[in-house]
Each structure stands twice: as C-alpha cells, then as structure tokens.
file upload-v9.cif (mmCIF, N, CA and C atoms)
data_input
#
loop_
_atom_site.label_atom_id
_atom_site.label_comp_id
_atom_site.auth_asym_id
_atom_site.auth_seq_id
_atom_site.Cartn_x
_atom_site.Cartn_y
_atom_site.Cartn_z
N GLY A 27 122.97 82.71 99.31
CA GLY A 27 123.31 81.86 98.21
C GLY A 27 122.11 81.26 97.53
N GLN A 28 120.94 81.29 98.18
CA GLN A 28 119.75 80.70 97.58
C GLN A 28 118.96 81.74 96.81
N LYS A 29 118.31 81.31 95.73
CA LYS A 29 117.44 82.21 94.99
C LYS A 29 116.14 82.38 95.75
N LYS A 30 115.65 83.60 95.78
CA LYS A 30 114.39 83.92 96.46
C LYS A 30 113.46 84.59 95.46
N PHE A 31 112.18 84.48 95.72
CA PHE A 31 111.17 85.06 94.86
C PHE A 31 110.34 86.06 95.66
N ILE A 32 110.11 87.23 95.09
CA ILE A 32 109.17 88.19 95.68
C ILE A 32 108.39 88.85 94.54
N LYS A 33 107.17 89.19 94.85
CA LYS A 33 106.34 89.96 93.94
C LYS A 33 105.96 91.22 94.69
N GLN A 34 106.12 92.35 94.03
CA GLN A 34 105.89 93.62 94.71
C GLN A 34 105.04 94.54 93.85
N VAL A 35 104.42 95.50 94.49
CA VAL A 35 103.69 96.54 93.78
C VAL A 35 104.24 97.88 94.24
N ILE A 36 104.22 98.83 93.33
CA ILE A 36 104.64 100.18 93.69
C ILE A 36 103.43 100.86 94.32
N GLU A 37 103.55 101.22 95.58
CA GLU A 37 102.45 101.88 96.29
C GLU A 37 102.42 103.37 96.02
N ALA A 38 103.59 103.99 95.93
CA ALA A 38 103.62 105.44 95.76
C ALA A 38 104.94 105.88 95.15
N ILE A 39 104.86 106.93 94.35
CA ILE A 39 106.04 107.61 93.82
C ILE A 39 105.79 109.10 94.02
N ASP A 40 106.75 109.76 94.67
CA ASP A 40 106.64 111.20 94.91
C ASP A 40 107.85 111.88 94.28
N PRO A 41 107.68 112.42 93.06
CA PRO A 41 108.82 113.05 92.38
C PRO A 41 109.39 114.26 93.12
N GLN A 42 108.55 115.01 93.80
CA GLN A 42 109.05 116.19 94.51
C GLN A 42 109.93 115.80 95.69
N LYS A 43 109.53 114.76 96.42
CA LYS A 43 110.33 114.29 97.56
C LYS A 43 111.39 113.27 97.12
N LYS A 44 111.36 112.92 95.83
CA LYS A 44 112.27 111.92 95.27
C LYS A 44 112.20 110.63 96.08
N SER A 45 110.98 110.15 96.27
CA SER A 45 110.80 108.93 97.06
C SER A 45 109.88 107.95 96.33
N SER A 46 110.04 106.69 96.67
CA SER A 46 109.15 105.64 96.15
C SER A 46 108.96 104.60 97.23
N ARG A 47 107.85 103.87 97.10
CA ARG A 47 107.45 102.91 98.13
C ARG A 47 106.97 101.63 97.45
N TRP A 48 107.57 100.50 97.82
CA TRP A 48 107.20 99.20 97.27
C TRP A 48 106.66 98.30 98.38
N LYS A 49 105.55 97.64 98.10
CA LYS A 49 104.97 96.70 99.07
C LYS A 49 105.08 95.29 98.50
N MET A 50 105.59 94.38 99.32
CA MET A 50 105.70 92.99 98.91
C MET A 50 104.33 92.32 99.06
N ILE A 51 103.89 91.62 98.00
CA ILE A 51 102.57 91.01 98.05
C ILE A 51 102.60 89.49 97.93
N GLU A 52 103.73 88.94 97.48
CA GLU A 52 103.88 87.49 97.36
C GLU A 52 105.35 87.13 97.49
N GLY A 53 105.60 85.86 97.81
CA GLY A 53 106.97 85.36 97.75
C GLY A 53 107.53 84.85 99.06
N ASP A 54 108.79 84.45 98.98
CA ASP A 54 109.49 83.83 100.10
C ASP A 54 109.59 84.75 101.31
N LEU A 55 109.73 86.03 101.08
CA LEU A 55 109.88 86.99 102.17
C LEU A 55 108.68 86.98 103.10
N LEU A 56 107.50 86.77 102.54
CA LEU A 56 106.29 86.80 103.36
C LEU A 56 106.07 85.52 104.15
N GLU A 57 106.97 84.55 104.01
CA GLU A 57 106.93 83.38 104.88
C GLU A 57 107.43 83.75 106.28
N LEU A 58 108.31 84.75 106.35
CA LEU A 58 108.88 85.18 107.63
C LEU A 58 108.20 86.42 108.21
N TYR A 59 107.68 87.27 107.31
CA TYR A 59 107.13 88.56 107.74
C TYR A 59 105.66 88.68 107.34
N SER A 60 104.85 89.22 108.22
CA SER A 60 103.44 89.42 107.92
C SER A 60 103.26 90.51 106.87
N SER A 61 104.11 91.52 106.93
CA SER A 61 104.10 92.59 105.93
C SER A 61 105.53 93.07 105.74
N PHE A 62 105.80 93.58 104.54
CA PHE A 62 107.15 94.05 104.25
C PHE A 62 107.05 95.13 103.18
N THR A 63 107.54 96.32 103.50
CA THR A 63 107.51 97.46 102.59
C THR A 63 108.89 98.10 102.57
N ILE A 64 109.31 98.52 101.38
CA ILE A 64 110.59 99.20 101.21
C ILE A 64 110.31 100.62 100.74
N VAL A 65 110.94 101.59 101.40
CA VAL A 65 110.80 102.99 101.03
C VAL A 65 112.18 103.53 100.69
N ARG A 66 112.28 104.21 99.53
CA ARG A 66 113.53 104.82 99.12
C ARG A 66 113.31 106.31 98.95
N SER A 67 114.20 107.10 99.53
CA SER A 67 114.13 108.54 99.34
C SER A 67 115.54 109.08 99.09
N CYS A 68 115.61 110.18 98.35
CA CYS A 68 116.90 110.78 97.99
C CYS A 68 116.90 112.25 98.36
N GLU A 69 118.00 112.69 98.95
CA GLU A 69 118.23 114.10 99.25
C GLU A 69 119.68 114.41 98.92
N CYS A 70 119.87 115.42 98.12
CA CYS A 70 121.23 115.83 97.70
C CYS A 70 122.01 114.61 97.23
N GLN A 71 123.04 114.24 97.96
CA GLN A 71 123.88 113.11 97.56
C GLN A 71 123.59 111.85 98.38
N TRP A 72 122.48 111.81 99.10
CA TRP A 72 122.17 110.69 99.99
C TRP A 72 120.95 109.93 99.52
N THR A 73 121.02 108.62 99.61
CA THR A 73 119.87 107.76 99.39
C THR A 73 119.57 107.07 100.71
N THR A 74 118.32 107.10 101.11
CA THR A 74 117.90 106.46 102.36
C THR A 74 116.94 105.32 102.03
N TRP A 75 117.26 104.14 102.55
CA TRP A 75 116.39 102.98 102.41
C TRP A 75 115.75 102.72 103.77
N THR A 76 114.45 102.56 103.80
CA THR A 76 113.74 102.23 105.03
C THR A 76 112.99 100.93 104.81
N LEU A 77 113.20 99.97 105.69
CA LEU A 77 112.48 98.70 105.63
C LEU A 77 111.42 98.71 106.72
N GLU A 78 110.17 98.61 106.32
CA GLU A 78 109.06 98.54 107.27
C GLU A 78 108.53 97.12 107.22
N TYR A 79 108.56 96.44 108.34
CA TYR A 79 108.16 95.03 108.34
C TYR A 79 107.54 94.65 109.68
N GLU A 80 106.77 93.58 109.63
CA GLU A 80 106.19 93.00 110.84
C GLU A 80 106.56 91.53 110.87
N LYS A 81 107.28 91.14 111.91
CA LYS A 81 107.71 89.75 112.04
C LYS A 81 106.50 88.87 112.37
N LYS A 82 106.51 87.62 111.84
CA LYS A 82 105.44 86.68 112.18
C LYS A 82 105.63 86.13 113.59
N THR A 83 106.90 85.94 113.98
CA THR A 83 107.20 85.46 115.33
C THR A 83 108.37 86.26 115.88
N GLU A 84 108.57 86.18 117.18
CA GLU A 84 109.70 86.88 117.80
C GLU A 84 111.05 86.30 117.35
N ASP A 85 111.05 85.03 116.95
CA ASP A 85 112.28 84.36 116.52
C ASP A 85 112.70 84.73 115.10
N THR A 86 111.86 85.42 114.37
CA THR A 86 112.18 85.82 113.00
C THR A 86 113.36 86.79 113.02
N PRO A 87 114.37 86.54 112.19
CA PRO A 87 115.55 87.42 112.19
C PRO A 87 115.23 88.79 111.58
N GLU A 88 116.07 89.75 111.92
CA GLU A 88 115.98 91.06 111.29
C GLU A 88 116.33 90.88 109.81
N PRO A 89 115.79 91.69 108.91
CA PRO A 89 116.03 91.50 107.47
C PRO A 89 117.37 92.07 107.00
N LEU A 90 118.45 91.60 107.59
CA LEU A 90 119.78 92.11 107.26
C LEU A 90 120.22 91.69 105.86
N VAL A 91 119.79 90.52 105.40
CA VAL A 91 120.14 90.07 104.04
C VAL A 91 119.52 91.02 103.02
N GLN A 92 118.26 91.38 103.23
CA GLN A 92 117.58 92.29 102.32
C GLN A 92 118.23 93.68 102.35
N LEU A 93 118.61 94.13 103.52
CA LEU A 93 119.29 95.42 103.64
C LEU A 93 120.64 95.39 102.92
N GLY A 94 121.36 94.29 103.07
CA GLY A 94 122.64 94.14 102.37
C GLY A 94 122.47 94.17 100.87
N PHE A 95 121.40 93.54 100.37
CA PHE A 95 121.12 93.57 98.93
C PHE A 95 120.89 94.99 98.46
N LEU A 96 120.10 95.76 99.21
CA LEU A 96 119.82 97.15 98.83
C LEU A 96 121.09 98.00 98.85
N LEU A 97 121.94 97.79 99.83
CA LEU A 97 123.20 98.53 99.90
C LEU A 97 124.11 98.19 98.73
N ASP A 98 124.21 96.89 98.40
CA ASP A 98 125.04 96.47 97.27
C ASP A 98 124.51 97.06 95.96
N MET A 99 123.19 97.07 95.80
CA MET A 99 122.59 97.62 94.60
C MET A 99 122.87 99.12 94.50
N THR A 100 122.78 99.82 95.62
CA THR A 100 123.07 101.26 95.64
C THR A 100 124.52 101.52 95.25
N LYS A 101 125.45 100.72 95.77
CA LYS A 101 126.87 100.88 95.42
C LYS A 101 127.10 100.62 93.94
N ASP A 102 126.43 99.61 93.38
CA ASP A 102 126.57 99.32 91.95
C ASP A 102 126.07 100.48 91.10
N ILE A 103 124.92 101.05 91.46
CA ILE A 103 124.37 102.18 90.72
C ILE A 103 125.30 103.38 90.83
N GLU A 104 125.80 103.63 92.03
CA GLU A 104 126.73 104.74 92.24
C GLU A 104 127.98 104.56 91.39
N GLY A 105 128.53 103.36 91.38
CA GLY A 105 129.72 103.08 90.57
C GLY A 105 129.47 103.32 89.10
N HIS A 106 128.30 102.93 88.64
CA HIS A 106 127.95 103.14 87.23
C HIS A 106 127.83 104.63 86.92
N LEU A 107 127.18 105.38 87.80
CA LEU A 107 126.98 106.81 87.57
C LEU A 107 128.28 107.60 87.64
N LEU A 108 129.18 107.18 88.51
CA LEU A 108 130.45 107.91 88.65
C LEU A 108 131.39 107.66 87.48
N LYS A 109 131.16 106.61 86.69
CA LYS A 109 132.00 106.34 85.53
C LYS A 109 131.74 107.34 84.41
N LYS A 110 130.57 107.92 84.40
CA LYS A 110 130.19 108.85 83.30
C LYS A 110 130.78 110.21 83.49
#

call {"tool": "encode", "arguments": {"input": "upload-v9.cif", "output": "structure tokens"}}
result
Amino acid sequence: GQKKFIKQVIEAIDPQKKSSRWKMIEGDLLELYSSFTIVRSCECQWTTWTLEYEKKTEDTPEPLVQLGFLLDMTKDIEGHLLKK
C-alpha cells in the first residue's frame, strides 16, 4: 500500500535471446538488499522473471512483493495483448 521509489539502469538487452536485465542503483529497495537485479526472458509463450538479490541481513524478507508486482504487470500486458 505504500509508494516506493527505485532507480534502475538497463544492464543488457539481448534481442536474440529475448532477454533484458535491470540493475537497481537507488531507492527504497536497496535499504533491504545490498544488490538487486531483475532479469526477464521470453521463450515461445512463456515469460520468465528472475530476481537476483543479496540480503543485507538474514532477517530481510524474500522479495515476494516485488515478485507479485512483476506477475501482476505480466498479467496486465497479457490481457492487453489478448484483446487485439
């Protein structure tokens, strides 16, 4: 329910593998994680999201909220594409 801020850079785009990689460089997310990178790849009808992160402490939760956001975004895009 709270607004969060992140600043990211695109580290890599591979058109042949249909993948992209974003690295978080600033923001609220880096208060919990020492590093955080998101990788997206597509094959046929599947999209795979990979979250690569390093927790600052053992008590830091898994990034399930961020994963949920990515899943919701994927469903929204799919819904939009299937309407056409």

call {"tool": "residues_around", "arguments": {"input": "upload-v9.cif", "residues": "segment 38-47 of chain A", "least_positions_apart": "4", "cutoff": "7 Å", "atoms": "only N, CA and C atoms", "output": "list in words"}}
result
Thr63, Ile64, Val65, Arg66, Ser67, Cys68 and Glu69 of chain A

call {"tool": "closest_residue", "arguments": {"input": "upload-v9.cif", "among": "A:Ile103, A:Lys33, A:Phe62, A:Gly53", "to": "Tyr79 of chain A", "atoms": "only C-alpha atoms"}}
result
A:Phe62

call {"tool": "residues_around", "arguments": {"input": "upload-v9.cif", "residues": "Lys29 of chain A", "least_positions_apart": "3", "cutoff": "12 Å", "atoms": "only C-alpha atoms", "output": "PyMOL selection string"}}
result
chain A and resi 32+53-55

call {"tool": "residues_near_point", "arguments": {"input": "upload-v9.cif", "point": "(107.5, 92.0, 111.8)", "cutoff": "7 Å", "atoms": "only N, CA and C atoms", "output": "list in words"}}
result
Leu58, Tyr59, Ser60, Ser61, Glu78, Tyr79, Glu80, Lys81, Lys82 and Thr83 of chain A

call {"tool": "atom_distance", "arguments": {"input": "upload-v9.cif", "atom1": "atom CA of Phe31 of chain A", "atom2": "atom C of Glu52 of chain A"}}
result
6.7 Å

call {"tool": "select_by_dssp", "arguments": {"input": "upload-v9.cif", "residues": "chain A", "states": "helix (DSSP H, G or I)", "output": "PyMOL selection string"}}
result
chain A and resi 54-57+90-109

call {"tool": "resolve_selection", "arguments": {"input": "upload-v9.cif", "expression": "the PyMOL selection byres ((chain A and resi 34) around 5)", "output": "list in words"}}
result
Ile32, Lys33, Val35, Ile36, Lys49, Met50 and Ile51 of chain A

call {"tool": "closest_residue", "arguments": {"input": "upload-v9.cif", "among": "A:Leu108, A:Glu37, A:Glu57, A:Gly27", "to": "Phe95 of chain A", "atoms": "only C-alpha atoms"}}
result
A:Gly27

call {"tool": "select_by_dssp", "arguments": {"input": "upload-v9.cif", "residues": "chain A", "states": "strand (DSSP E)", "output": "PyMOL selection string"}}
result
chain A and resi 32-40+45-53+59-69+72-81

call {"tool": "build_atoms", "arguments": {"input": "upload-v9.cif", "residues": "segment 68-82 of chain A", "atoms": "N, CA, C and O atoms", "output": "PDB file, in the frame of the given file"}}
result
ATOM      1  N   CYS A  68     115.610 110.180  98.350  1.00  0.00           N
ATOM      2  CA  CYS A  68     116.900 110.780  97.990  1.00  0.00           C
ATOM      3  C   CYS A  68     116.900 112.250  98.360  1.00  0.00           C
ATOM      4  O   CYS A  68     115.924 112.953  98.117  1.00  0.00           O
ATOM      5  N   GLU A  69     118.000 112.690  98.950  1.00  0.00           N
ATOM      6  CA  GLU A  69     118.230 114.100  99.250  1.00  0.00           C
ATOM      7  C   GLU A  69     119.680 114.410  98.920  1.00  0.00           C
ATOM      8  O   GLU A  69     120.575 113.735  99.420  1.00  0.00           O
ATOM      9  N   CYS A  70     119.870 115.420  98.120  1.00  0.00           N
ATOM     10  CA  CYS A  70     121.230 115.830  97.700  1.00  0.00           C
ATOM     11  C   CYS A  70     122.010 114.610  97.230  1.00  0.00           C
ATOM     12  O   CYS A  70     121.655 114.000  96.256  1.00  0.00           O
ATOM     13  N   GLN A  71     123.040 114.240  97.960  1.00  0.00           N
ATOM     14  CA  GLN A  71     123.880 113.110  97.560  1.00  0.00           C
ATOM     15  C   GLN A  71     123.590 111.850  98.380  1.00  0.00           C
ATOM     16  O   GLN A  71     124.367 110.908  98.345  1.00  0.00           O
ATOM     17  N   TRP A  72     122.480 111.810  99.100  1.00  0.00           N
ATOM     18  CA  TRP A  72     122.170 110.690  99.990  1.00  0.00           C
ATOM     19  C   TRP A  72     120.950 109.930  99.520  1.00  0.00           C
ATOM     20  O   TRP A  72     119.962 110.510  99.106  1.00  0.00           O
ATOM     21  N   THR A  73     121.020 108.620  99.610  1.00  0.00           N
ATOM     22  CA  THR A  73     119.870 107.760  99.390  1.00  0.00           C
ATOM     23  C   THR A  73     119.570 107.070 100.710  1.00  0.00           C
ATOM     24  O   THR A  73     120.465 106.517 101.347  1.00  0.00           O
ATOM     25  N   THR A  74     118.320 107.100 101.110  1.00  0.00           N
ATOM     26  CA  THR A  74     117.900 106.460 102.360  1.00  0.00           C
ATOM     27  C   THR A  74     116.940 105.320 102.030  1.00  0.00           C
ATOM     28  O   THR A  74     115.965 105.515 101.309  1.00  0.00           O
ATOM     29  N   TRP A  75     117.260 104.140 102.550  1.00  0.00           N
ATOM     30  CA  TRP A  75     116.390 102.980 102.410  1.00  0.00           C
ATOM     31  C   TRP A  75     115.750 102.720 103.770  1.00  0.00           C
ATOM     32  O   TRP A  75     116.456 102.635 104.776  1.00  0.00           O
ATOM     33  N   THR A  76     114.450 102.560 103.800  1.00  0.00           N
ATOM     34  CA  THR A  76     113.740 102.230 105.030  1.00  0.00           C
ATOM     35  C   THR A  76     112.990 100.930 104.810  1.00  0.00           C
ATOM     36  O   THR A  76     112.233 100.803 103.836  1.00  0.00           O
ATOM     37  N   LEU A  77     113.200  99.970 105.690  1.00  0.00           N
ATOM     38  CA  LEU A  77     112.480  98.700 105.630  1.00  0.00           C
ATOM     39  C   LEU A  77     111.420  98.710 106.720  1.00  0.00           C
ATOM     40  O   LEU A  77     111.748  98.796 107.903  1.00  0.00           O
ATOM     41  N   GLU A  78     110.170  98.610 106.320  1.00  0.00           N
ATOM     42  CA  GLU A  78     109.060  98.540 107.270  1.00  0.00           C
ATOM     43  C   GLU A  78     108.530  97.120 107.220  1.00  0.00           C
ATOM     44  O   GLU A  78     108.120  96.651 106.151  1.00  0.00           O
ATOM     45  N   TYR A  79     108.560  96.440 108.340  1.00  0.00           N
ATOM     46  CA  TYR A  79     108.160  95.030 108.340  1.00  0.00           C
ATOM     47  C   TYR A  79     107.540  94.650 109.680  1.00  0.00           C
ATOM     48  O   TYR A  79     107.759  95.299 110.697  1.00  0.00           O
ATOM     49  N   GLU A  80     106.770  93.580 109.630  1.00  0.00           N
ATOM     50  CA  GLU A  80     106.190  93.000 110.840  1.00  0.00           C
ATOM     51  C   GLU A  80     106.560  91.530 110.870  1.00  0.00           C
ATOM     52  O   GLU A  80     106.234  90.777 109.936  1.00  0.00           O
ATOM     53  N   LYS A  81     107.280  91.140 111.910  1.00  0.00           N
ATOM     54  CA  LYS A  81     107.710  89.750 112.040  1.00  0.00           C
ATOM     55  C   LYS A  81     106.500  88.870 112.370  1.00  0.00           C
ATOM     56  O   LYS A  81     105.617  89.271 113.112  1.00  0.00           O
ATOM     57  N   LYS A  82     106.510  87.620 111.840  1.00  0.00           N
ATOM     58  CA  LYS A  82     105.440  86.680 112.180  1.00  0.00           C
ATOM     59  C   LYS A  82     105.630  86.130 113.590  1.00  0.00           C
ATOM     60  O   LYS A  82     104.671  85.865 114.282  1.00  0.00           O
TER      61      LYS A  82
END
